[in-house]
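Written out below as structure tokens is the structure these notes cover.
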Amino acid sequence: MVRHPDAAVTGRSAVLRRIARWLQAPPRRGPMRPGAFPSRSRSARLTSQLGLALGATFAVCFLTGLLSHVIQHPPTWFRWPSRPVTLYPFTQGVHVATGLATVPLLGVKLWSVYPRLFTWPPFRSVTHAAERASVAVLVAAALFQVVSGILNVSRWYAPMPFYFPAGHYWVAWLVVGAMLVHIGVQLPAVRAALARTTTEADQDRLSRRNLLGTAGAAAALITLTTVGQTFRPLSGLAVLAPRLPDVGPQGVPVNTTAAGAAVVSLVTDPSYQLEVAGPGRRVSLDLAALNALPQHTAELPIACVEGWSASGLWTGIRLRDLVALVGADPERATVLVESLQAGGRYRATTVAPEHTRDPLTLVALRLGGEPLHLDHGYPARLIAPNRPGVLQTKWIGRITLLESR
Ligand SMILES: Nc1nc2c(c(=O)[nH]1)N[C@H]1C(S)=C(S)[C@@H](COP(=O)(O)O)O[C@H]1N2
Ligand SMILES: [Mo]
């Protein structure tokens, strides 16, 4: 018997043909069958409009987050001004508000597209597969940002086995990258969907409007019931806010307590002295000496990156006066402010000349006229205008002049 020379090839192409036929014929059962998702509220138009809204909330959230990151880790070229006083609390409030408003928008958006998870065939081409993979990255990264952000605002760190600011920062770049790819791929479809108004049946339009309205109302409601944690006039409405601006010792919330920072015995030691070290001179000031220096009072907010901000009436010594005391020029001085806390990420901070010279930048000894509560940084803490809470060092032990520029 003579074997046909193409037998093997014919056999393989038969298999390929069978696979092709299988891919072409959609399954008759399960979520991948045609017509498995009958809701008429889903439409390209709804998905596009939600996409635009999400693009806007994410862009604002990303930019305000990036700003906060750069203020806390300034590159050499970056200068952050000390005024206006409430600029940072404002940008931080916008960051949290847009992040929270994203929740219902993202929810409805995912609902509007999730049937596409089950499209048949799953991959039409290499490009199609790559595009689906990029959408998977976008969805996963966006959900990570929203969930980790909410956990942070709720101060629930247990489910996060990573350092929150670093994780939240790097995944933000992942979202932005995947989102730019997504916008690039979907732009023609979005244009077409938004232009196509006349073909939409009245009933479909109604249900789409209802859905959009509900998502928008949910976003507005979440904003209204949380924004009070940073915007005091609305604090009465802040029923969903994990923190309230006026709940805490001396009417101001606390993040790390003195006990938590293990400084109680150090700061209550009667031999406590604040050391100020300049280039040529150094002074040690005990509590009596600190209280004998000229005192100034300023109303300044603490704006915590955990989503709350609260204003207090602080009294103490101007940082610029302490710098002058050791013979340095306060107009140009960069200083290192160190806590008595032995470790912890927030035990020290660098103060640039913009803040050192500002007469509102205080080494505060009092809050609301009383000596600082232990948890607010007794006996002395930094409080400066337009500065993230993480940089307002508590339990100061030493101030060192770094450079003059
Ligand atoms: N030494 C030290 N200072 C610190 C911190 C800290 O953990 N250790 N936390 C910072 C953070 S994150 C904030 S929001 C403010 C909070 O100040 P408060 O507890 O007085 O409201 O203190 C800052 N100063
Ligand atoms: Mo904070």
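The way I read the labels, and the way they are meant: chains A, B, ... in the order of the structure tokens, residue 1 as the first residue of every chain, and ligand 1 as the first ligand shown, with later ones counted on from there.
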
Quiz item: Any idea what's packed within 10 Å of A:Pro121, counting only C-alpha atoms, ignoring anything in its chain fewer than 4 positions away? Could you give it as a PyMOL selection string?
Solution: chain A and resi 20+22-27+32+125

Self-check item: Contacts of A:Trp173 at 12 Å (only C-alpha atoms; same-chain gap of 4+ positions) as a ChimeraX atom specification
Solution: /A:58-59,61-63,65-66,137-138,141-142,145,166-169,177-180

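Distances here use only C-alpha atoms; by that measure, the residue among A:Ile150, A:Leu322, A:Phe231, A:Phe90 closest to A:Val283 is A:Leu322.
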
Quiz prompt | Nearest to ligand 2, chosen from A:Val153, A:Val146, A:Val96, A:Leu212, with only C-alpha atoms and all ligand atoms counted in the distances | solution =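 Smallest distance to ligand 2 is found for A:Val153.
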
Counting only C-alpha atoms and all ligand atoms, which residues of chain A fall within 9 Å of ligand 2, and what is the closest atom pair for each with its distance in Å at one decimal, ordered by chain and rising number, as a tab-separated table?
```
residue	atom	partner	partner_atom_place_in_ligand_line	distance
A:Val254	CA	ligand 2	1 (Mo)	8.6
A:Asn255	CA	ligand 2	1 (Mo)	6.1
A:Thr256	CA	ligand 2	1 (Mo)	8.4
A:Ile302	CA	ligand 2	1 (Mo)	8.2
A:Ala303	CA	ligand 2	1 (Mo)	7.0
A:Cys304	CA	ligand 2	1 (Mo)	3.7
A:Val305	CA	ligand 2	1 (Mo)	5.0
A:Glu306	CA	ligand 2	1 (Mo)	5.7
A:Gly307	CA	ligand 2	1 (Mo)	8.2
A:Trp308	CA	ligand 2	1 (Mo)	8.4
A:Pro388	CA	ligand 2	1 (Mo)	7.4
A:Gly389	CA	ligand 2	1 (Mo)	4.8
A:Val390	CA	ligand 2	1 (Mo)	4.6
A:Leu391	CA	ligand 2	1 (Mo)	8.2
A:Gln392	CA	ligand 2	1 (Mo)	8.7
```

Residues as selected, all heavy atoms, written as a compact mmCIF listing (two decimals), in the first residue's frame, can you do that?
```
# COMPACT_ATOMS: atom_id res chain seq x y z
N VAL A 254 -5.77 61.87 66.64
CA VAL A 254 -4.38 61.47 66.83
C VAL A 254 -4.08 60.34 65.85
O VAL A 254 -4.94 59.50 65.62
CB VAL A 254 -4.17 60.96 68.28
CG1 VAL A 254 -2.88 60.16 68.40
CG2 VAL A 254 -4.19 62.12 69.24
N ASN A 255 -2.91 60.33 65.28
CA ASN A 255 -2.57 59.13 64.50
C ASN A 255 -1.74 58.17 65.35
O ASN A 255 -2.25 57.17 65.84
CB ASN A 255 -1.98 59.47 63.13
CG ASN A 255 -0.50 59.71 63.17
OD1 ASN A 255 -0.02 60.35 64.10
ND2 ASN A 255 0.20 59.18 62.20
N THR A 256 -0.43 58.48 65.60
CA THR A 256 0.36 57.62 66.49
C THR A 256 0.25 58.17 67.91
O THR A 256 0.47 59.37 68.11
CB THR A 256 1.85 57.63 66.08
OG1 THR A 256 1.92 57.58 64.66
CG2 THR A 256 2.61 56.47 66.68
N ILE A 302 -3.90 70.12 60.66
CA ILE A 302 -3.12 68.92 60.40
C ILE A 302 -3.88 68.16 59.33
O ILE A 302 -5.06 67.87 59.50
CB ILE A 302 -2.99 68.04 61.66
CG1 ILE A 302 -2.06 68.72 62.63
CG2 ILE A 302 -2.48 66.65 61.30
CD1 ILE A 302 -1.67 67.86 63.80
N ALA A 303 -3.23 67.93 58.18
CA ALA A 303 -3.89 67.23 57.08
C ALA A 303 -3.23 65.88 56.91
O ALA A 303 -2.18 65.76 56.31
CB ALA A 303 -3.78 68.05 55.80
N CYS A 304 -3.88 64.87 57.47
CA CYS A 304 -3.30 63.53 57.43
C CYS A 304 -3.57 62.89 56.08
O CYS A 304 -4.66 63.04 55.52
CB CYS A 304 -3.90 62.67 58.54
SG CYS A 304 -3.19 61.02 58.58
N VAL A 305 -2.59 62.17 55.58
CA VAL A 305 -2.80 61.45 54.31
C VAL A 305 -3.81 60.32 54.49
O VAL A 305 -4.23 59.72 53.51
CB VAL A 305 -1.48 60.91 53.74
CG1 VAL A 305 -0.58 62.02 53.29
CG2 VAL A 305 -0.77 60.04 54.76
N GLU A 306 -4.20 60.02 55.73
CA GLU A 306 -5.24 59.02 55.94
C GLU A 306 -6.63 59.61 55.71
O GLU A 306 -7.63 58.98 56.03
CB GLU A 306 -5.12 58.40 57.34
CG GLU A 306 -3.99 57.39 57.43
CD GLU A 306 -3.74 56.89 58.84
OE1 GLU A 306 -3.99 57.65 59.79
OE2 GLU A 306 -3.29 55.75 58.99
N GLY A 307 -6.69 60.81 55.17
CA GLY A 307 -7.96 61.31 54.68
C GLY A 307 -8.70 62.29 55.58
O GLY A 307 -9.75 62.77 55.21
N TRP A 308 -8.17 62.60 56.77
CA TRP A 308 -8.86 63.59 57.58
C TRP A 308 -7.98 64.82 57.70
O TRP A 308 -6.77 64.76 57.51
CB TRP A 308 -9.18 63.07 59.00
CG TRP A 308 -7.98 62.54 59.75
CD1 TRP A 308 -7.53 61.25 59.73
CD2 TRP A 308 -7.09 63.27 60.60
NE1 TRP A 308 -6.41 61.14 60.53
CE2 TRP A 308 -6.12 62.36 61.07
CE3 TRP A 308 -7.02 64.59 61.03
CZ2 TRP A 308 -5.10 62.72 61.94
CZ3 TRP A 308 -5.99 64.96 61.89
CH2 TRP A 308 -5.04 64.03 62.33
N PRO A 388 1.89 68.30 54.66
CA PRO A 388 1.21 67.06 55.04
C PRO A 388 1.42 66.71 56.51
O PRO A 388 2.49 66.96 57.06
CB PRO A 388 1.87 65.99 54.15
CG PRO A 388 2.54 66.73 53.06
CD PRO A 388 2.87 68.09 53.59
N GLY A 389 0.40 66.10 57.12
CA GLY A 389 0.48 65.70 58.52
C GLY A 389 1.69 64.85 58.83
O GLY A 389 2.31 64.99 59.89
N VAL A 390 2.08 63.96 57.91
CA VAL A 390 3.22 63.07 58.17
C VAL A 390 4.50 63.84 58.42
O VAL A 390 5.44 63.30 58.99
CB VAL A 390 3.49 62.07 57.02
CG1 VAL A 390 2.44 61.01 56.95
CG2 VAL A 390 3.63 62.79 55.71
N LEU A 391 4.54 65.09 57.97
CA LEU A 391 5.78 65.87 58.13
C LEU A 391 5.71 66.80 59.35
O LEU A 391 6.59 67.63 59.55
CB LEU A 391 6.04 66.70 56.87
CG LEU A 391 6.11 65.92 55.55
CD1 LEU A 391 6.43 66.85 54.38
CD2 LEU A 391 7.14 64.81 55.62
N GLN A 392 4.67 66.67 60.17
CA GLN A 392 4.51 67.54 61.35
C GLN A 392 5.00 66.77 62.58
O GLN A 392 4.22 66.27 63.39
CB GLN A 392 3.04 67.95 61.53
CG GLN A 392 2.36 68.45 60.26
CD GLN A 392 2.58 69.93 59.97
OE1 GLN A 392 3.64 70.49 60.26
NE2 GLN A 392 1.58 70.57 59.41
```

Practice problem: Choose the residue, out of A:Arg33, A:Lys394, A:Arg232, A:Arg196, that has the smallest atom-to-atom separation from A:Pro89; count only C-alpha atoms. | Solution: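 Closest to A:Pro89, using only C-alpha atoms: A:Arg232.
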
Quiz item: Looking only at the backbone, which of the residues in stretch 86-296 of chain A does DSSP tag as alpha helix (DSSP H), as a PyMOL selection string?
Solution: chain A and resi 87-113+126-153+164-195+202-226+264-268+287-292

Generate a file of the selected residues that holds C-alpha atoms, formatted as a short mmCIF file (atom, residue, chain, number, x, y, z; two decimals), in the first residue's frame.
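Done, and the output landed in result_4.cif:
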```cif
data_model
loop_
_atom_site.label_atom_id
_atom_site.label_comp_id
_atom_site.auth_asym_id
_atom_site.auth_seq_id
_atom_site.Cartn_x
_atom_site.Cartn_y
_atom_site.Cartn_z
CA LEU A 87 -3.84 74.29 49.87
CA TYR A 88 -2.49 70.88 50.93
CA PRO A 89 -5.56 69.97 53.04
CA PHE A 90 -7.65 70.93 50.00
CA THR A 91 -5.73 68.78 47.50
CA GLN A 92 -5.70 65.89 49.98
CA GLY A 93 -9.48 66.24 50.49
CA VAL A 94 -10.01 66.22 46.71
CA HIS A 95 -7.83 63.10 46.42
CA VAL A 96 -9.91 61.14 48.92
CA ALA A 97 -13.24 62.49 47.59
CA THR A 98 -12.50 61.61 43.94
CA GLY A 99 -11.18 58.21 45.02
CA LEU A 100 -14.40 57.46 46.92
CA ALA A 101 -16.61 58.81 44.09
CA THR A 102 -14.86 56.31 41.83
CA VAL A 103 -16.39 53.38 43.72
CA PRO A 104 -19.96 53.52 42.32
CA LEU A 105 -18.76 54.67 38.90
CA LEU A 106 -16.34 51.75 38.66
CA GLY A 107 -19.01 49.36 39.94
CA VAL A 108 -21.57 50.31 37.27
CA LYS A 109 -18.90 50.43 34.60
CA LEU A 110 -17.75 46.89 35.39
CA TRP A 111 -21.38 45.74 35.46
CA SER A 112 -21.90 47.31 32.03
CA VAL A 113 -19.00 45.43 30.46
CA VAL A 126 -2.83 38.19 19.11
CA THR A 127 -3.83 41.87 19.28
CA HIS A 128 -7.21 40.94 20.69
CA ALA A 129 -5.52 38.76 23.34
CA ALA A 130 -3.09 41.57 24.24
CA GLU A 131 -5.94 44.04 24.49
CA ARG A 132 -7.89 41.73 26.82
CA ALA A 133 -4.79 41.27 28.97
CA SER A 134 -4.35 45.05 29.25
CA VAL A 135 -7.99 45.43 30.32
CA ALA A 136 -7.41 42.74 32.96
CA VAL A 137 -4.42 44.71 34.28
CA LEU A 138 -6.45 47.93 34.30
CA VAL A 139 -9.36 46.39 36.21
CA ALA A 140 -7.11 44.65 38.74
CA ALA A 141 -4.97 47.76 39.32
CA ALA A 142 -8.00 50.08 39.59
CA LEU A 143 -9.68 47.76 42.12
CA PHE A 144 -6.42 47.55 44.08
CA GLN A 145 -6.22 51.35 44.28
CA VAL A 146 -9.81 51.79 45.40
CA VAL A 147 -9.68 48.98 47.97
CA SER A 148 -6.26 49.90 49.41
CA GLY A 149 -7.26 53.59 49.55
CA ILE A 150 -10.43 52.78 51.49
CA LEU A 151 -8.52 50.47 53.85
CA ASN A 152 -6.02 53.28 54.46
CA VAL A 153 -8.70 55.88 55.18
CA PHE A 164 0.63 51.25 51.89
CA PRO A 165 2.07 54.51 50.45
CA ALA A 166 4.60 52.62 48.29
CA GLY A 167 2.05 50.09 47.00
CA HIS A 168 -0.60 52.74 46.36
CA TYR A 169 1.94 54.94 44.57
CA TRP A 170 3.40 52.34 42.21
CA VAL A 171 0.08 50.73 41.30
CA ALA A 172 -1.20 54.23 40.45
CA TRP A 173 1.34 54.31 37.62
CA LEU A 174 0.12 50.90 36.49
CA VAL A 175 -3.45 52.24 36.34
CA VAL A 176 -2.38 55.30 34.38
CA GLY A 177 -0.39 53.24 31.87
CA ALA A 178 -3.12 50.64 31.35
CA MET A 179 -5.72 53.41 31.18
CA LEU A 180 -3.82 55.27 28.43
CA VAL A 181 -3.63 52.04 26.40
CA HIS A 182 -7.33 51.43 27.05
CA ILE A 183 -8.30 54.96 25.97
CA GLY A 184 -6.14 54.64 22.85
CA VAL A 185 -7.81 51.38 21.88
CA GLN A 186 -11.37 52.42 22.76
CA LEU A 187 -11.41 56.03 21.55
CA PRO A 188 -12.97 55.26 18.13
CA ALA A 189 -15.66 53.12 19.79
CA VAL A 190 -16.35 55.83 22.39
CA ARG A 191 -16.66 58.48 19.67
CA ALA A 192 -19.06 56.32 17.70
CA ALA A 193 -21.13 55.42 20.76
CA LEU A 194 -21.46 59.03 21.89
CA ALA A 195 -22.36 60.26 18.40
CA ASP A 202 -36.49 55.48 23.85
CA GLN A 203 -36.81 52.74 26.43
CA ASP A 204 -33.09 51.98 26.31
CA ARG A 205 -32.29 55.64 26.68
CA LEU A 206 -34.51 55.90 29.74
CA SER A 207 -32.98 52.95 31.53
CA ARG A 208 -29.49 54.15 30.65
CA ARG A 209 -30.28 57.60 32.07
CA ASN A 210 -31.65 56.02 35.22
CA LEU A 211 -28.51 53.98 35.67
CA LEU A 212 -26.21 56.91 35.02
CA GLY A 213 -28.28 59.05 37.37
CA THR A 214 -28.11 56.39 40.08
CA ALA A 215 -24.33 55.99 39.71
CA GLY A 216 -23.90 59.78 39.81
CA ALA A 217 -26.20 60.14 42.82
CA ALA A 218 -24.34 57.36 44.66
CA ALA A 219 -21.03 59.09 43.95
CA ALA A 220 -22.44 62.41 45.21
CA LEU A 221 -23.91 60.77 48.32
CA ILE A 222 -20.61 59.08 49.20
CA THR A 223 -18.79 62.38 48.75
CA LEU A 224 -21.31 64.27 50.91
CA THR A 225 -21.21 61.73 53.72
CA THR A 226 -17.40 61.58 53.90
CA VAL A 264 6.19 58.31 77.22
CA SER A 265 9.10 58.01 79.66
CA LEU A 266 11.41 60.10 77.44
CA VAL A 267 9.06 63.03 77.01
CA THR A 268 7.88 63.13 80.62
CA LEU A 287 10.95 73.48 79.31
CA ALA A 288 11.44 76.69 81.31
CA ALA A 289 13.85 78.06 78.69
CA LEU A 290 11.45 77.13 75.88
CA ASN A 291 8.56 78.86 77.65
CA ALA A 292 10.69 81.95 78.20
#
```

Self-check item: For ligand 1, the nearest of the candidates A:Tyr346, A:Phe37, A:Tyr378, A:Phe162, counting only C-alpha atoms and all ligand atoms
Solution: A:Tyr346

Practice problem: From the DSSP assignment of the backbone, select every residue of stretch 168-345 of chain A that is strand (DSSP E or B), and format the answer as a VMD selection string. | Solution: chain A and resid 274 to 277 282 to 285 296 to 303 309 to 318 333 to 339

Write the residues you've just listed into a file as a PDB file, in the first residue's frame, and include C-alpha atoms for each of them.
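The file below, part_38.pdb, is the result:
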```pdb
ATOM      1  CA  LEU A 274      15.441  70.393  73.170  1.00  0.00           C
ATOM      2  CA  GLU A 275      18.768  70.523  71.394  1.00  0.00           C
ATOM      3  CA  VAL A 276      19.279  73.051  68.595  1.00  0.00           C
ATOM      4  CA  ALA A 277      22.513  72.588  66.633  1.00  0.00           C
ATOM      5  CA  ARG A 282      24.481  74.606  69.816  1.00  0.00           C
ATOM      6  CA  VAL A 283      21.993  75.270  72.584  1.00  0.00           C
ATOM      7  CA  SER A 284      19.989  73.005  74.861  1.00  0.00           C
ATOM      8  CA  LEU A 285      16.667  74.353  76.047  1.00  0.00           C
ATOM      9  CA  HIS A 296       3.326  82.990  68.890  1.00  0.00           C
ATOM     10  CA  THR A 297      -0.114  81.577  68.142  1.00  0.00           C
ATOM     11  CA  ALA A 298      -1.407  80.325  64.785  1.00  0.00           C
ATOM     12  CA  GLU A 299      -4.494  78.477  63.635  1.00  0.00           C
ATOM     13  CA  LEU A 300      -3.179  75.668  61.417  1.00  0.00           C
ATOM     14  CA  PRO A 301      -4.612  72.370  60.139  1.00  0.00           C
ATOM     15  CA  ILE A 302      -3.117  68.916  60.403  1.00  0.00           C
ATOM     16  CA  ALA A 303      -3.888  67.233  57.084  1.00  0.00           C
ATOM     17  CA  SER A 309      -7.797  67.091  58.393  1.00  0.00           C
ATOM     18  CA  ALA A 310      -8.387  69.118  61.530  1.00  0.00           C
ATOM     19  CA  SER A 311      -7.582  72.624  62.547  1.00  0.00           C
ATOM     20  CA  GLY A 312      -6.057  73.635  65.870  1.00  0.00           C
ATOM     21  CA  LEU A 313      -4.910  76.762  67.661  1.00  0.00           C
ATOM     22  CA  TRP A 314      -1.197  76.171  68.217  1.00  0.00           C
ATOM     23  CA  THR A 315       1.153  78.242  70.388  1.00  0.00           C
ATOM     24  CA  GLY A 316       4.928  78.018  70.497  1.00  0.00           C
ATOM     25  CA  ILE A 317       8.246  79.302  69.244  1.00  0.00           C
ATOM     26  CA  ARG A 318       8.849  80.277  65.649  1.00  0.00           C
ATOM     27  CA  ALA A 333      18.069  77.483  56.253  1.00  0.00           C
ATOM     28  CA  THR A 334      17.154  73.853  55.686  1.00  0.00           C
ATOM     29  CA  VAL A 335      16.771  72.067  59.005  1.00  0.00           C
ATOM     30  CA  LEU A 336      16.351  68.500  60.181  1.00  0.00           C
ATOM     31  CA  VAL A 337      13.726  68.036  62.883  1.00  0.00           C
ATOM     32  CA  GLU A 338      14.086  64.785  64.833  1.00  0.00           C
ATOM     33  CA  SER A 339      11.741  63.112  67.262  1.00  0.00           C
TER      34      SER A 339
END
```

Quiz prompt | atom CA of A:Gln341 to atom CA of A:Ala364, straight-line distance in Å | solution =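 Atom CA of A:Gln341 lies at a distance of 17.2 Å from atom CA of A:Ala364.
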
Self-check item: Selection: 8 Å around A:Pro330, only C-alpha atoms, excl. self and same-chain fewer than 4 positions, as number ranges by chain
Solution: A: 320-321, 323-324, 353, 356-357

Selection above as a file: all heavy atoms, as a short mmCIF file (atom, residue, chain, number, x, y, z; two decimals), in the first residue's frame:
```cif
data_model
loop_
_atom_site.label_atom_id
_atom_site.label_comp_id
_atom_site.auth_asym_id
_atom_site.auth_seq_id
_atom_site.Cartn_x
_atom_site.Cartn_y
_atom_site.Cartn_z
N ARG A 320 11.99 79.87 62.91
CA ARG A 320 13.01 80.82 62.45
C ARG A 320 13.74 81.47 63.63
O ARG A 320 14.93 81.77 63.53
CB ARG A 320 12.42 81.86 61.50
CG ARG A 320 11.20 82.62 62.04
CD ARG A 320 10.80 83.73 61.06
NE ARG A 320 11.89 84.67 60.90
CZ ARG A 320 12.26 85.22 59.75
NH1 ARG A 320 11.59 84.94 58.65
NH2 ARG A 320 13.26 86.06 59.70
N ASP A 321 13.05 81.66 64.75
CA ASP A 321 13.69 82.24 65.93
C ASP A 321 14.74 81.28 66.51
O ASP A 321 15.81 81.70 66.95
CB ASP A 321 12.66 82.59 67.01
CG ASP A 321 11.77 83.77 66.58
OD1 ASP A 321 12.07 84.37 65.53
OD2 ASP A 321 10.76 84.04 67.28
N VAL A 323 16.36 79.01 64.78
CA VAL A 323 17.47 78.97 63.83
C VAL A 323 18.38 80.19 64.07
O VAL A 323 19.61 80.08 64.11
CB VAL A 323 16.94 78.94 62.38
CG1 VAL A 323 18.05 79.21 61.38
CG2 VAL A 323 16.28 77.59 62.10
N ALA A 324 17.76 81.35 64.30
CA ALA A 324 18.55 82.57 64.54
C ALA A 324 19.33 82.46 65.84
O ALA A 324 20.45 82.99 65.97
CB ALA A 324 17.62 83.79 64.56
N PRO A 353 13.76 75.92 53.24
CA PRO A 353 13.72 77.34 53.60
C PRO A 353 12.33 77.97 53.47
O PRO A 353 11.96 78.83 54.28
CB PRO A 353 14.70 77.99 52.62
CG PRO A 353 15.63 76.90 52.23
CD PRO A 353 14.85 75.62 52.29
N THR A 356 10.96 77.08 56.72
CA THR A 356 11.73 77.53 57.89
C THR A 356 11.49 79.02 58.14
O THR A 356 11.32 79.46 59.28
CB THR A 356 13.24 77.31 57.67
OG1 THR A 356 13.46 75.96 57.29
CG2 THR A 356 14.04 77.62 58.93
N ARG A 357 11.46 79.80 57.06
CA ARG A 357 11.36 81.25 57.26
C ARG A 357 9.94 81.73 57.52
O ARG A 357 9.75 82.84 57.99
CB ARG A 357 11.95 81.97 56.04
CG ARG A 357 11.23 81.72 54.74
CD ARG A 357 11.74 82.67 53.64
NE ARG A 357 11.40 82.17 52.33
CZ ARG A 357 12.28 81.66 51.46
NH1 ARG A 357 13.54 81.60 51.77
NH2 ARG A 357 11.87 81.22 50.29
#
```

Quiz prompt | Best match for closeness to A:Ser39 among A:Pro115, A:Gly248, A:Gly368, A:Gly278, counting only C-alpha atoms | solution =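 So, comparing all the options, the nearest one is A:Pro115.
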
Quiz prompt | Gap from atom CA of A:Thr47 to atom CA of A:Leu240 - Å, one decimal | solution =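 Computed distance, atom CA of A:Thr47 to atom CA of A:Leu240, equals 28.0 Å.
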
Quiz item: So, counting only C-alpha atoms and all ligand atoms, which residue among A:Thr393, A:Ser41, A:Ser48, A:Gln295 is closest to ligand 1?
Solution: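 Checking each of A:Thr393, A:Ser41, A:Ser48, A:Gln295 against ligand 1, counting only C-alpha atoms and all ligand atoms, the winner is A:Thr393.
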
Exercise. Find the spatial neighbours of A:His355, counting only C-alpha atoms, within a cut-off of 7 Å - ignore same-chain residues fewer than 3 positions away - and output them as a PyMOL selection string.
Key: chain A and resi 82+351-352+358+361+384
